[in-house]
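Asks: Shown below is the structure under consideration.
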Amino acid sequence: MPSLSPTVLEAAPTPRGPAAGVNQFHESALAQVAGAVHYIDDLPEVRGTLHAAPILSTQAHGKLLGVDASAALAMPGVVNVVLSEDIPGDPMLAAFAGDEPVFAMDTVQFVGQVVGVVVAHTAMQARHAARKVKLNIEALPAVLTVQQALEAQSFVLPPVTVRRGDATAALAKAQHSLHGTLEVGGQEHFYLEGQIAYAMPLEQNQWCIYSSTQHPGEVQHWVSHALGIDNHAVKVECRRMGGGFGGKETQAGHLAVWAAVAAVKTKQAVKLRMDRDDDFMVTGKRHPFAYEYTVGFDDSGRLTALQLQMAANCGFSADLSGPVADRAIFHTDNAYYLQDVDITSYRCKTNTQSHTAFRGFGGPQGVILIETIMGDIARALKLDPLDVRLRNLYSDEAIAGTDQKRDTTHYQMKVEDNILHPLLSKLELSAQYRRRVEAISAWNAGSPVLKRGIAITPVKFGISFTATLFNQAGALVHVYTDGSVQVNHGGTEMGQGLHTKVAQIVADELGIPFARVLCTASDTSKVPNASATAASAGTDLNGRAAQFAARHVRDNLAAFVCGLDGCGAGAIKFKGGEVFSPVTTRSFDEVVKLAYANRIQLWSDGFYRTPKIHYDKTTLTGRPFYYFAYGAACTEVVIDRLTGESKVLKVDILHDVGRSINPAIDVGQIEGGFVQGMGWLTTEQLVWNDKGYLSTHAPSTYKIPTAGDVPEHFKVDLWPEPNREDNVFGSKAVGEPPFMLAISVYEALRDAVAQARGDDKLVRLTAPATAENVLRALQSGA
């Protein structure tokens, strides 16, 4: 295949130009296009490798009285069946809540819970045999909905309440008030590469685990815990994933443990790769939420009081539901000041898959609620929704009768880097919002069947892990004697371009071309105790750690050169692959060779921990985030009054990524996040039947957006300002914040429904806004 020219990328850098701040190819892009990169299922298998497949519960809740594997064991190629009694270590997973078994033991708690695995010579033999295992289950009553969980007081964790001021008194004094409910569905991660793990026994009870995981350190911990051995005896490696989106933050660990336990029993390497149907049935989703709220506001549309009950469907175990629900609380304000507020969050236990992290990590479930309220207020007062949103933004405006300003969140964090008003105002003008509102109204008046709607919604998203201890990272930088550089850090590559950005940062720190830097596989034997690649903090943490490691090596080289040339180390400059001193110029490669000959250290580690963050986990107050990322989207849609079908027509986005390390990758993340969010709110509907069976467990019934759903007009601009906090390269996180820009699609659909009905009533639209739900909204008043 012919090689692709770098000129394919607009403004491709020259070899001697800066590596960061310009477009660079994703470090694996050309090899991925050629089919030449390795995912775990592409790795050569060691001799004797066996394959495992899960045995799934057929009941939502019940007593597990027995497992009959005789039919499975009699099938061709089947080697063994592995159950809970075969676990050499702790039969409970090493999750923080300690409430999830490795394999179901006395009870089953959802349809699809893994009872054990069948091990065979091929994957298909194992899968066919797993379906022949007979489970004797005595059915028990199941809790399948949030409403049932609330009535039964069925929770995976205790409820949490956050208050500021006196919402009850403020509601009593409010000029206007509204009461409403909202339901928002979950979302399947639908990564291109499914869940997979490959467990290889080494000598002296040591293990190598290849895992498609966002958190190799947690996989290491979980496997060692289940095997009853020390962490140092388990090495976990992940070169790349074919997508993660949060679905491989904790739940990749399950497969690694199942494969490792099977490998212990069979004394052979075991690979476990679930097919798509089993992946759907076994793994958790984005948390579905149900809300009930009462909001007070004045004649201008300014919100004066909010009482809110948020109920998260967590599934059968806690997993990451606590921090997900906490972040939903943190992001209930989105871009708006909440003066008197009372939020109670319920973490409901149901007999479904244990729901888990998903891009945005609870943030979208908080943001959509307040954006719904802003739309409701606007319709109740017959105001433009954008004007209501602008009226409620965080600002430096003083609060009447106090010495306080409208610049502090309900969890007591001051919003110091606020660009909301200028950003929204700029998008309003560039997207020609006011003109289009008038044009859409005129168009709708002459269109009896098709109706259009438009909305602008902002995003303010906090960046950092809400669990403060995870805000740390390590990295290693090795400079070899030929001047090439290898970087290893604790983050994982799931297609988002983390390795590319880290390599750009290191290249600039050493003043060498980007092509001279190689990022290697994430590996627990190189960087220990690494945090998950999540919370949009991958580049912030690992990029800074790698920068510090590279800086240590550069300082060693600078000190060496200043000794050669009799100058101060500060006079030594690294740029364009050359090292400059007041005396002479040498190539970087030459300096490295000389330094090695003089026994100068050419490798170093780097460590970074996020500054300024702190908060009280009991009251959920403090500064959980280092900074905020901002953005806004203007979306125009059309709906069909007869069928409920909808289409996104135009999208204009203005998003804040700080000083972009790689604009091409950042724009790609913004586009991808928006489209994925659009899918969550329009087509991606999860349906469980009254037996707890997930009916939408395949692409035939679960519909993610396709290329045909992307609007022809899809414009993305970047906000031209560096991060006001001292972040790596002046950049801002970009993985999760753009996801919530798609809430503009939901609000535009509600606007179209309101214009179609023309009855001035509030629009109750269940998300996702499928054709059926749009029809229901068209046919019912508030």
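Letters for chains follow the order of the structure tokens (A, B, ...), residue numbers begin at 1 for each chain, and ligand numbers begin at 1 in the order shown.
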Do you know which residues are at most 7 Å from His179 in chain A counting only C-alpha atoms, after dropping those on the same chain fewer than 4 positions away, and could you put them as a list in words?

Replies: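 So the residues in contact are Tyr293, Thr294 and Val295 of chain A.
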
Asks: Hey, what's within 7 Å of Glu509 in chain A if we count only C-alpha atoms and toss same-chain stuff fewer than 4 positions away? As a list in words, please?

Replies: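 My reading of the contact set: Ile505, Gln547, Ala550 and Arg551 of chain A.
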
Asks: CA of Asp342 in chain A and CA of Leu320 in chain A, how far apart in Å?

Replies: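 Interatomic distance here is 23.4 Å.
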
Asks: Select from range 663-729 of chain A every residue with an atom at most 12 Å from any atom of range 413-429 of chain A, then for each give the shortest pair of atoms and their distance in Å to one decimal, using only C-alpha atoms, rows by chain and rising number, as a tab-separated table.

Replies:
residue	atom	partner	partner_atom	distance
A:Lys715	CA	A:Leu427	CA	11.0
A:Val716	CA	A:Leu427	CA	10.5
A:Asp717	CA	A:Leu427	CA	9.3
A:Leu718	CA	A:Leu423	CA	10.2
A:Trp719	CA	A:Leu423	CA	7.6
A:Pro720	CA	A:Leu423	CA	10.2
A:Glu721	CA	A:Ile419	CA	9.8
A:Pro722	CA	A:Asp417	CA	10.8
A:Asn723	CA	A:Asp417	CA	8.4
A:Arg724	CA	A:Asp417	CA	6.5
A:Glu725	CA	A:Asp417	CA	8.3

Asks: Report, in Å to a single decimal, how far apart CA of Ser354 in chain A and CA of Gln59 in chain A are.

Replies: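 Between CA of Gln59 in chain A and CA of Ser354 in chain A the gap works out to 15.0 Å.
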
Asks: Would you kindly return, as a VMD selection string, each protein, DNA or RNA residue with an atom no farther than 12 Å from any atom of Gly98 in chain A, considering only C-alpha atoms and excluding same-chain residues fewer than 5 positions away?

Replies: chain A and resid 90 to 93 156 to 157 222 225 317 to 320

Asks: Could you write out the selected residues, including all heavy atoms, as an mmCIF file, in the first residue's frame?

Replies:
data_model
loop_
_atom_site.group_PDB
_atom_site.id
_atom_site.type_symbol
_atom_site.label_atom_id
_atom_site.label_comp_id
_atom_site.auth_asym_id
_atom_site.auth_seq_id
_atom_site.Cartn_x
_atom_site.Cartn_y
_atom_site.Cartn_z
ATOM 1 N N ASP A 90 -10.124 -14.447 47.016
ATOM 2 C CA ASP A 90 -11.403 -13.942 47.525
ATOM 3 C C ASP A 90 -12.481 -14.107 46.462
ATOM 4 O O ASP A 90 -12.295 -13.667 45.316
ATOM 5 C CB ASP A 90 -11.254 -12.469 47.900
ATOM 6 C CG ASP A 90 -12.391 -11.950 48.764
ATOM 7 O OD1 ASP A 90 -13.537 -12.400 48.580
ATOM 8 O OD2 ASP A 90 -12.136 -11.086 49.625
ATOM 9 N N PRO A 91 -13.624 -14.702 46.802
ATOM 10 C CA PRO A 91 -14.698 -14.860 45.804
ATOM 11 C C PRO A 91 -15.437 -13.562 45.490
ATOM 12 O O PRO A 91 -16.258 -13.537 44.573
ATOM 13 C CB PRO A 91 -15.630 -15.882 46.459
ATOM 14 C CG PRO A 91 -15.418 -15.703 47.928
ATOM 15 C CD PRO A 91 -13.966 -15.350 48.082
ATOM 16 N N MET A 92 -15.157 -12.488 46.247
ATOM 17 C CA MET A 92 -15.743 -11.178 45.960
ATOM 18 C C MET A 92 -14.714 -10.327 45.225
ATOM 19 O O MET A 92 -13.527 -10.326 45.566
ATOM 20 C CB MET A 92 -16.167 -10.476 47.247
ATOM 21 C CG MET A 92 -17.185 -11.247 48.073
ATOM 22 S SD MET A 92 -18.775 -11.497 47.210
ATOM 23 C CE MET A 92 -19.423 -9.819 47.190
ATOM 24 N N LEU A 93 -15.161 -9.609 44.216
ATOM 25 C CA LEU A 93 -14.269 -8.717 43.495
ATOM 26 C C LEU A 93 -13.730 -7.625 44.420
ATOM 27 O O LEU A 93 -14.405 -7.216 45.373
ATOM 28 C CB LEU A 93 -14.998 -8.069 42.318
ATOM 29 C CG LEU A 93 -15.335 -8.994 41.138
ATOM 30 C CD1 LEU A 93 -16.276 -8.295 40.171
ATOM 31 C CD2 LEU A 93 -14.067 -9.436 40.418
ATOM 32 N N VAL A 156 -28.065 0.781 46.581
ATOM 33 C CA VAL A 156 -26.716 0.215 46.653
ATOM 34 C C VAL A 156 -25.833 1.031 47.589
ATOM 35 O O VAL A 156 -24.842 0.529 48.129
ATOM 36 C CB VAL A 156 -26.052 0.130 45.254
ATOM 37 C CG1 VAL A 156 -26.801 -0.825 44.352
ATOM 38 C CG2 VAL A 156 -25.918 1.499 44.602
ATOM 39 N N LEU A 157 -26.180 2.299 47.786
ATOM 40 C CA LEU A 157 -25.470 3.206 48.679
ATOM 41 C C LEU A 157 -26.491 4.152 49.304
ATOM 42 O O LEU A 157 -27.561 4.374 48.727
ATOM 43 C CB LEU A 157 -24.422 4.023 47.906
ATOM 44 C CG LEU A 157 -23.251 3.250 47.291
ATOM 45 C CD1 LEU A 157 -22.514 4.127 46.278
ATOM 46 C CD2 LEU A 157 -22.302 2.753 48.361
ATOM 47 N N TRP A 222 -7.423 -6.418 41.004
ATOM 48 C CA TRP A 222 -8.533 -7.376 41.030
ATOM 49 C C TRP A 222 -8.036 -8.807 40.788
ATOM 50 O O TRP A 222 -8.483 -9.743 41.461
ATOM 51 C CB TRP A 222 -9.574 -7.005 39.976
ATOM 52 C CG TRP A 222 -10.475 -5.865 40.372
ATOM 53 C CD1 TRP A 222 -10.210 -4.904 41.301
ATOM 54 C CD2 TRP A 222 -11.767 -5.572 39.842
ATOM 55 N NE1 TRP A 222 -11.267 -4.023 41.374
ATOM 56 C CE2 TRP A 222 -12.233 -4.409 40.488
ATOM 57 C CE3 TRP A 222 -12.556 -6.162 38.867
ATOM 58 C CZ2 TRP A 222 -13.477 -3.844 40.202
ATOM 59 C CZ3 TRP A 222 -13.794 -5.599 38.576
ATOM 60 C CH2 TRP A 222 -14.244 -4.456 39.242
ATOM 61 N N HIS A 225 -6.078 -10.120 43.776
ATOM 62 C CA HIS A 225 -7.024 -10.349 44.873
ATOM 63 C C HIS A 225 -7.760 -11.678 44.683
ATOM 64 O O HIS A 225 -7.916 -12.458 45.629
ATOM 65 C CB HIS A 225 -8.013 -9.179 44.919
ATOM 66 C CG HIS A 225 -8.958 -9.198 46.073
ATOM 67 N ND1 HIS A 225 -8.598 -8.795 47.344
ATOM 68 C CD2 HIS A 225 -10.268 -9.553 46.158
ATOM 69 C CE1 HIS A 225 -9.633 -8.910 48.153
ATOM 70 N NE2 HIS A 225 -10.662 -9.356 47.458
ATOM 71 N N SER A 317 -25.265 -3.751 41.834
ATOM 72 C CA SER A 317 -24.155 -3.469 42.739
ATOM 73 C C SER A 317 -23.705 -2.025 42.569
ATOM 74 O O SER A 317 -24.102 -1.344 41.619
ATOM 75 C CB SER A 317 -22.988 -4.428 42.480
ATOM 76 O OG SER A 317 -22.383 -4.165 41.222
ATOM 77 N N ALA A 318 -22.843 -1.585 43.484
ATOM 78 C CA ALA A 318 -22.477 -0.166 43.506
ATOM 79 C C ALA A 318 -21.584 0.224 42.333
ATOM 80 O O ALA A 318 -21.750 1.297 41.745
ATOM 81 C CB ALA A 318 -21.787 0.170 44.822
ATOM 82 N N ASP A 319 -20.590 -0.631 41.989
ATOM 83 C CA ASP A 319 -19.644 -0.288 40.932
ATOM 84 C C ASP A 319 -19.164 1.150 41.143
ATOM 85 O O ASP A 319 -18.663 1.475 42.220
ATOM 86 C CB ASP A 319 -20.290 -0.489 39.560
ATOM 87 C CG ASP A 319 -19.275 -0.506 38.411
ATOM 88 O OD1 ASP A 319 -18.724 -1.582 38.119
ATOM 89 O OD2 ASP A 319 -19.031 0.565 37.830
ATOM 90 N N LEU A 320 -19.349 2.042 40.169
ATOM 91 C CA LEU A 320 -18.954 3.445 40.288
ATOM 92 C C LEU A 320 -20.156 4.367 40.487
ATOM 93 O O LEU A 320 -20.073 5.575 40.251
ATOM 94 C CB LEU A 320 -18.173 3.880 39.047
ATOM 95 C CG LEU A 320 -16.805 3.225 38.872
ATOM 96 C CD1 LEU A 320 -16.213 3.562 37.508
ATOM 97 C CD2 LEU A 320 -15.850 3.655 39.976
#

Asks: As a compact mmCIF listing (two decimals) with C-alpha atoms, in the first residue's frame, which residues of range 113-268 of chain A does DSSP assign to strand (DSSP E)?

Replies:
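Done, and the output landed in part_23.txt:
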# COMPACT_ATOMS: atom_id res chain seq x y z
CA VAL A 114 -21.99 -14.63 35.06
CA VAL A 115 -22.26 -17.87 37.05
CA GLY A 116 -19.05 -19.34 35.67
CA VAL A 117 -17.20 -19.96 32.44
CA VAL A 118 -16.79 -22.91 30.08
CA VAL A 119 -13.25 -23.48 28.83
CA ALA A 120 -12.65 -25.13 25.45
CA LYS A 134 -28.33 -25.95 33.06
CA LEU A 135 -28.93 -23.64 36.03
CA ASN A 136 -31.37 -24.60 38.79
CA ILE A 137 -32.69 -21.22 39.97
CA GLU A 138 -35.59 -20.66 42.36
CA ALA A 139 -37.10 -17.32 41.30
CA PHE A 155 -30.31 1.21 47.46
CA VAL A 156 -26.72 0.22 46.65
CA LEU A 157 -25.47 3.21 48.68
CA PRO A 158 -27.15 5.63 51.09
CA PRO A 159 -28.91 8.73 49.70
CA VAL A 160 -26.96 12.01 49.56
CA THR A 161 -28.32 15.52 50.05
CA VAL A 162 -26.69 18.84 49.13
CA ARG A 163 -28.30 22.10 50.22
CA ARG A 164 -27.60 25.80 49.97
CA HIS A 176 -43.69 31.71 39.70
CA SER A 177 -43.13 28.00 40.23
CA LEU A 178 -43.27 24.82 38.18
CA HIS A 179 -43.35 21.17 39.18
CA GLY A 180 -42.14 18.52 36.79
CA THR A 181 -40.72 15.08 36.22
CA LEU A 182 -38.23 13.75 33.71
CA GLU A 183 -36.91 10.33 32.71
CA VAL A 184 -33.61 9.88 30.90
CA ILE A 196 -11.52 -9.11 26.07
CA ALA A 197 -8.78 -10.45 28.33
CA TYR A 198 -5.93 -12.90 27.82
CA ALA A 199 -4.40 -14.47 30.95
CA MET A 200 -0.97 -16.10 30.61
CA PRO A 201 0.65 -17.98 33.49
CA TRP A 207 0.98 -13.69 35.56
CA CYS A 208 0.81 -11.59 32.43
CA ILE A 209 -2.64 -10.23 31.68
CA TYR A 210 -3.45 -8.58 28.37
CA SER A 211 -6.57 -6.56 29.03
CA VAL A 234 0.64 -9.69 38.14
CA LYS A 235 1.65 -7.62 35.12
CA VAL A 236 -1.15 -6.01 33.10
CA GLU A 237 -0.50 -4.61 29.64
CA CYS A 238 -2.69 -2.67 27.23

Asks: From a DSSP calculation on the backbone, collect every residue of range 260-432 of chain A in helix (DSSP H, G or I) and output the set as an NGL selection string.

Replies: :A and (260-266 or 276-282 or 321-330 or 363-381 or 385-392 or 420-430)

Asks: Could you check the closest approach to Ile454 in chain A for each of A:Ser695, A:Thr635, A:Thr682, A:Ser395 and tell me which residue wins, using only C-alpha atoms?

Replies: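 Comparing A:Ser695, A:Thr635, A:Thr682, A:Ser395 against Ile454 in chain A, the winner is A:Thr635.
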
Asks: Find the residues near His51 in chain A: any atom within 8 Å, counting only C-alpha atoms, skip ones fewer than 4 places away on the same chain, and give them as a PDB file with C-alpha atoms, in the first residue's frame.

Replies:
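part-v4.pdb written:
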ATOM      1  CA  VAL A 119     -13.254 -23.479  28.831  1.00  0.00           C
ATOM      2  CA  ALA A 120     -12.646 -25.134  25.454  1.00  0.00           C
ATOM      3  CA  HIS A 121     -10.103 -25.370  22.657  1.00  0.00           C
ATOM      4  CA  THR A 122     -11.904 -22.756  20.522  1.00  0.00           C
ATOM      5  CA  ALA A 123     -14.079 -19.748  21.265  1.00  0.00           C
ATOM      6  CA  ALA A 126     -16.846 -22.647  24.518  1.00  0.00           C
ATOM      7  CA  VAL A 270      -6.953 -18.592  28.677  1.00  0.00           C
ATOM      8  CA  LYS A 271      -8.491 -15.952  26.423  1.00  0.00           C
ATOM      9  CA  LEU A 272     -11.997 -14.635  27.030  1.00  0.00           C
TER      10      LEU A 272
END

Asks: Excluding same-chain residues fewer than 5 positions from Glu371 in chain A, what lies within 10 Å of it counting only C-alpha atoms, as a list in words?

Replies: Thr332, Asp333, Asn334, Ala335, Tyr336, Gly366, Asp376, Ile377, Pro385, Arg389, Thr457, Pro458, Val459, Ile743, Ser744, Tyr746 and Glu747 of chain A

Asks: Skipping near chain neighbours, those fewer than 5 positions away, what residues fall within 8 Å of Asn444 in chain A using only C-alpha atoms, listed as a list in words?

Replies: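 With the cut-off at 8 Å, the set is Leu450, Lys451, Arg452, Gln755 and Ala756 of chain A.
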
Asks: Find the residues around range 494-502 of chain A up to 7 Å (only C-alpha atoms counted), leave out those fewer than 3 positions away in its own chain, and share them as a ChimeraX atom specification.

Replies: /A:26-27,240-244,505-506,519,538-539,543,546,661-662,665

Asks: Go ahead and save the picked residues with N, CA, C and O atoms, as a PDB file, in the first residue's frame.

Replies:
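Wrote it out as selection24.pdb, contents follow:
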ATOM      1  N   HIS A  26      -2.673  11.000  14.398  1.00  0.00           N
ATOM      2  CA  HIS A  26      -2.754  10.061  15.518  1.00  0.00           C
ATOM      3  C   HIS A  26      -1.621   9.050  15.357  1.00  0.00           C
ATOM      4  O   HIS A  26      -1.361   8.562  14.257  1.00  0.00           O
ATOM      5  N   GLU A  27      -0.919   8.749  16.453  1.00  0.00           N
ATOM      6  CA  GLU A  27       0.304   7.953  16.362  1.00  0.00           C
ATOM      7  C   GLU A  27       0.100   6.579  15.738  1.00  0.00           C
ATOM      8  O   GLU A  27       1.053   5.976  15.232  1.00  0.00           O
ATOM      9  N   ARG A 240      -3.502  -0.708  23.284  1.00  0.00           N
ATOM     10  CA  ARG A 240      -4.594   0.167  22.825  1.00  0.00           C
ATOM     11  C   ARG A 240      -5.908  -0.568  22.976  1.00  0.00           C
ATOM     12  O   ARG A 240      -5.958  -1.796  23.076  1.00  0.00           O
ATOM     13  N   MET A 241      -6.981   0.194  23.005  1.00  0.00           N
ATOM     14  CA  MET A 241      -8.338  -0.345  22.960  1.00  0.00           C
ATOM     15  C   MET A 241      -9.036   0.150  21.703  1.00  0.00           C
ATOM     16  O   MET A 241      -8.731   1.233  21.208  1.00  0.00           O
ATOM     17  N   GLY A 242      -9.993  -0.618  21.262  1.00  0.00           N
ATOM     18  CA  GLY A 242     -10.836  -0.172  20.168  1.00  0.00           C
ATOM     19  C   GLY A 242     -12.069   0.507  20.722  1.00  0.00           C
ATOM     20  O   GLY A 242     -13.198   0.135  20.432  1.00  0.00           O
ATOM     21  N   GLY A 243     -11.843   1.531  21.533  1.00  0.00           N
ATOM     22  CA  GLY A 243     -12.935   2.261  22.181  1.00  0.00           C
ATOM     23  C   GLY A 243     -13.128   1.808  23.615  1.00  0.00           C
ATOM     24  O   GLY A 243     -12.880   0.651  23.960  1.00  0.00           O
ATOM     25  N   GLY A 244     -13.553   2.750  24.435  1.00  0.00           N
ATOM     26  CA  GLY A 244     -13.805   2.444  25.837  1.00  0.00           C
ATOM     27  C   GLY A 244     -15.026   3.185  26.370  1.00  0.00           C
ATOM     28  O   GLY A 244     -15.971   2.588  26.854  1.00  0.00           O
ATOM     29  N   ILE A 505       4.055  16.598  23.543  1.00  0.00           N
ATOM     30  CA  ILE A 505       4.556  17.351  24.692  1.00  0.00           C
ATOM     31  C   ILE A 505       6.026  17.013  24.957  1.00  0.00           C
ATOM     32  O   ILE A 505       6.865  17.898  25.170  1.00  0.00           O
ATOM     33  N   VAL A 506       6.359  15.731  24.934  1.00  0.00           N
ATOM     34  CA  VAL A 506       7.731  15.298  25.192  1.00  0.00           C
ATOM     35  C   VAL A 506       8.667  15.800  24.090  1.00  0.00           C
ATOM     36  O   VAL A 506       9.786  16.267  24.362  1.00  0.00           O
ATOM     37  N   CYS A 519       5.506   6.380  22.030  1.00  0.00           N
ATOM     38  CA  CYS A 519       4.801   5.996  23.255  1.00  0.00           C
ATOM     39  C   CYS A 519       4.548   4.494  23.218  1.00  0.00           C
ATOM     40  O   CYS A 519       4.067   3.965  22.204  1.00  0.00           O
ATOM     41  N   GLY A 538      -6.780  12.418  31.196  1.00  0.00           N
ATOM     42  CA  GLY A 538      -5.654  11.631  30.719  1.00  0.00           C
ATOM     43  C   GLY A 538      -4.471  12.467  30.291  1.00  0.00           C
ATOM     44  O   GLY A 538      -3.325  12.201  30.677  1.00  0.00           O
ATOM     45  N   THR A 539      -4.702  13.504  29.486  1.00  0.00           N
ATOM     46  CA  THR A 539      -3.598  14.348  29.028  1.00  0.00           C
ATOM     47  C   THR A 539      -3.124  15.263  30.138  1.00  0.00           C
ATOM     48  O   THR A 539      -1.917  15.481  30.306  1.00  0.00           O
ATOM     49  N   GLY A 543       0.281  13.746  30.533  1.00  0.00           N
ATOM     50  CA  GLY A 543       1.076  14.673  29.734  1.00  0.00           C
ATOM     51  C   GLY A 543       2.014  15.492  30.592  1.00  0.00           C
ATOM     52  O   GLY A 543       3.182  15.720  30.240  1.00  0.00           O
ATOM     53  N   ALA A 546       4.814  13.175  31.975  1.00  0.00           N
ATOM     54  CA  ALA A 546       5.807  12.906  30.926  1.00  0.00           C
ATOM     55  C   ALA A 546       6.641  14.144  30.642  1.00  0.00           C
ATOM     56  O   ALA A 546       7.855  14.050  30.385  1.00  0.00           O
ATOM     57  N   ILE A 661      -3.334  21.256  22.086  1.00  0.00           N
ATOM     58  CA  ILE A 661      -2.108  20.513  21.806  1.00  0.00           C
ATOM     59  C   ILE A 661      -2.142  19.962  20.388  1.00  0.00           C
ATOM     60  O   ILE A 661      -1.128  19.944  19.688  1.00  0.00           O
ATOM     61  N   ASN A 662      -3.331  19.534  19.950  1.00  0.00           N
ATOM     62  CA  ASN A 662      -3.486  18.969  18.612  1.00  0.00           C
ATOM     63  C   ASN A 662      -4.892  19.315  18.117  1.00  0.00           C
ATOM     64  O   ASN A 662      -5.850  18.605  18.424  1.00  0.00           O
ATOM     65  N   ILE A 665      -7.075  16.505  16.450  1.00  0.00           N
ATOM     66  CA  ILE A 665      -7.609  15.511  17.382  1.00  0.00           C
ATOM     67  C   ILE A 665      -8.707  16.121  18.236  1.00  0.00           C
ATOM     68  O   ILE A 665      -9.742  15.490  18.494  1.00  0.00           O
TER      69      ILE A 665
END

Asks: Rounded to one decimal place, report the CA of Val745 in chain A-CA of Val648 in chain A distance in Å.

Replies: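 Computing it gives 7.3 Å between the two atoms.
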
Asks: Given only C-alpha atoms as the basis, pick out the residue of A:Val108, A:Ile572, A:Ala36, A:Ala226 nearest to Pro141 in chain A.

Replies: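 Selected residue with least distance to Pro141 in chain A: A:Val108.
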
Asks: Counting only C-alpha atoms, figure out which residue out of A:Gly301, A:Gly758, A:Gly89, A:Pro18 gets nearest to Leu386 in chain A.

Replies: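 The shortest atom-to-atom distance to Leu386 in chain A comes from A:Gly301.
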
Asks: Could you tell me which of A:Gln251, A:Thr49, A:Ser212, A:Thr618 comes closest to Ser522 in chain A if we count only C-alpha atoms?

Replies: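 Using only C-alpha atoms, the shortest distance to Ser522 in chain A belongs to A:Ser212.
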